[in-house]
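Just below is one structure, and these are the notes that go with it.
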Amino acid sequence: MSGPGVGFDRQSDLLDRALEAIRERPIGTDALARRVFGLRQAPQGLAARLVWELLGSDRRVAVDGGGVWRTAEGPAEVGDPGLAELEYAVVDVETTGGSPAHGDRVVEFACVRVRGGEVVGEFASLVDPGLAIPRWITGLTGIDDGMVAAAPRFGEIAARVRDELDGRVFVAHNAAFDWRFVSEELRLARSELPRGERLCTVRLARRAAPGLRRRGLDALARFYDVPIVGRHRAAGDARATATILVRMLDEAARQGIETWGQLQAWLAGRPAPAAGRGSAVPAEGERRCR
């Protein structure tokens, strides 16, 4: 939250949580506040105020006179793009720690773009985080202060990063983690956030490979026989995740999942809707891993 009164950052996890709840089914304001904010008993009007501040300007949702929120009908909802028609930006970041909220920063960024089951582009860069890299991070990744001394600051590559992501499906293994860092770095660089949905390969693996007990990147790489060249480096992990994504989308296709809407229903355990093929670009930000 920021500013006087109540306000929410557009990349807030609370927004993701609210959109997820509304996409599951129409939901009343009080129930939505309980689910998103954990409110059980609140002063009269507080729940409505919080929900309105979070969602009131979001064109992807609408609220009726009875306070029931649902997905909006209109151009943003027209068309259901085919999975083979979408382009996926498969991202991995290496960082100084586990949370940008605690001051951790990106030390390496990589993006592998996939379309039609093929890699169509790639970008990777070390990043000077502006602070010392902890020893345990160096031990894990091999990246030390000397390696990033001549690297660009994130602000210097922010425009390229946004171009790589904009209008594509943001994909990562534990997407919430990578998205938090990327979105925070873009915010610090005063860059607009990219448009596009988000897809977590951990969540996708729960449906595409339900028999696996573990769904870490190493476990999935073994399952799909995908070598990881450069483990715990952004480019190596992103390339492996991209290959695994293609394998899992192939499995989804074998299950009859052809469109983005069908994929979302499949991931949520709901019956897949009939395909309404279109060429719409997915709306801004979608799901977190669950």
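Chain lettering (A, B, ...) mirrors the order of the structure tokens, residue numbering begins at 1 for each chain separately, and ligand numbering begins at 1 in order of display.
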
Please identify every residue of stretch 194-222 of chain A that has at least one atom no farther than 10 Å from an atom of stretch 247-251 of chain A, counting only C-alpha atoms, and for each give the shortest atom pair and the distance in Å to one decimal, arranged by chain then increasing number, as JSON lines.
{"residue": "A:Thr201", "atom": "CA", "partner": "A:Met248", "partner_atom": "CA", "distance": 8.5}
{"residue": "A:Leu204", "atom": "CA", "partner": "A:Met248", "partner_atom": "CA", "distance": 7.3}
{"residue": "A:Ala205", "atom": "CA", "partner": "A:Met248", "partner_atom": "CA", "distance": 7.1}
{"residue": "A:Arg207", "atom": "CA", "partner": "A:Met248", "partner_atom": "CA", "distance": 8.9}
{"residue": "A:Ala208", "atom": "CA", "partner": "A:Met248", "partner_atom": "CA", "distance": 5.6}
{"residue": "A:Ala209", "atom": "CA", "partner": "A:Met248", "partner_atom": "CA", "distance": 7.9}

- Using only C-alpha atoms, which residues sit within 7 Å of stretch 168-177 of chain A once same-chain residues fewer than 6 positions away are excluded, as a PyMOL selection string? chain A and resi 87-92+196-202+241+288-289

- Of the candidates A:Ile133, A:Ile27, A:Ala253, A:Val182, which one gets nearest to A:Glu164 if we count only C-alpha atoms? A:Val182

- Message: I need the residues in stretch 76-137 of chain A that are strand (DSSP E) according to DSSP; give them as a VMD selection string.
- Response: chain A and resid 80 to 81 87 to 95 106 to 115 118 to 126

- Name the residues in contact with stretch 64-70 of chain A at a cut-off of 6 Å, using only C-alpha atoms, excluding same-chain residues fewer than 4 positions from it; report them as an NGL selection string. :A and (22 or 26-29)

Writer output for current selection, C-alpha atoms, as a compact mmCIF listing (two decimals), in the first residue's frame:
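Contents of the output file out_23.txt:
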# COMPACT_ATOMS: atom_id res chain seq x y z
CA ILE A 22 -13.33 -13.74 -9.52
CA PRO A 26 -18.86 -14.53 -9.33
CA ILE A 27 -18.19 -13.51 -5.74
CA GLY A 28 -19.67 -10.97 -3.32
CA THR A 29 -17.63 -8.09 -1.94

- Query: When distances are computed from only C-alpha atoms, which of A:Glu53, A:Asp144, A:Glu118, A:Glu192 shows the smallest separation from A:Thr96?
  - Reply: A:Asp144

- So which residues touch A:Ala47 within 9 Å, counting only C-alpha atoms, skipping near sequence neighbours fewer than 4 positions away, as a ChimeraX atom specification? /A:29-30,32-34,37,39,42-43,51-52

Let's have the selection written as a PDB file, in the first residue's frame, with C-alpha atoms.
ATOM      1  CA  THR A  29     -17.633  -8.087  -1.940  1.00  0.00           C
ATOM      2  CA  ASP A  30     -17.528  -9.373   1.652  1.00  0.00           C
ATOM      3  CA  LEU A  32     -13.874 -11.423  -1.750  1.00  0.00           C
ATOM      4  CA  ALA A  33     -12.454  -9.298   1.063  1.00  0.00           C
ATOM      5  CA  ARG A  34     -12.265 -12.336   3.334  1.00  0.00           C
ATOM      6  CA  PHE A  37      -7.327  -9.692   2.736  1.00  0.00           C
ATOM      7  CA  LEU A  39     -10.781 -10.169   6.887  1.00  0.00           C
ATOM      8  CA  ALA A  42     -14.255  -5.561   9.778  1.00  0.00           C
ATOM      9  CA  PRO A  43     -15.784  -2.121  10.411  1.00  0.00           C
ATOM     10  CA  VAL A  51     -12.009  -4.189  -2.625  1.00  0.00           C
ATOM     11  CA  TRP A  52     -12.997  -1.092  -4.578  1.00  0.00           C
TER      12      TRP A  52
END

- Query: Out of A:Ala159, A:Ile228, A:Ala234, A:Cys111, which residue has the shortest atom-to-atom distance to A:Thr95 when counting only C-alpha atoms?
  - Reply: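 Distance minimum relative to A:Thr95 lands on A:Ala234.
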
- Quick one: pull the distance between atom CA of A:Gly256 and atom CA of A:Ala221, Å, one decimal.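 So the answer is 23.9 Å.
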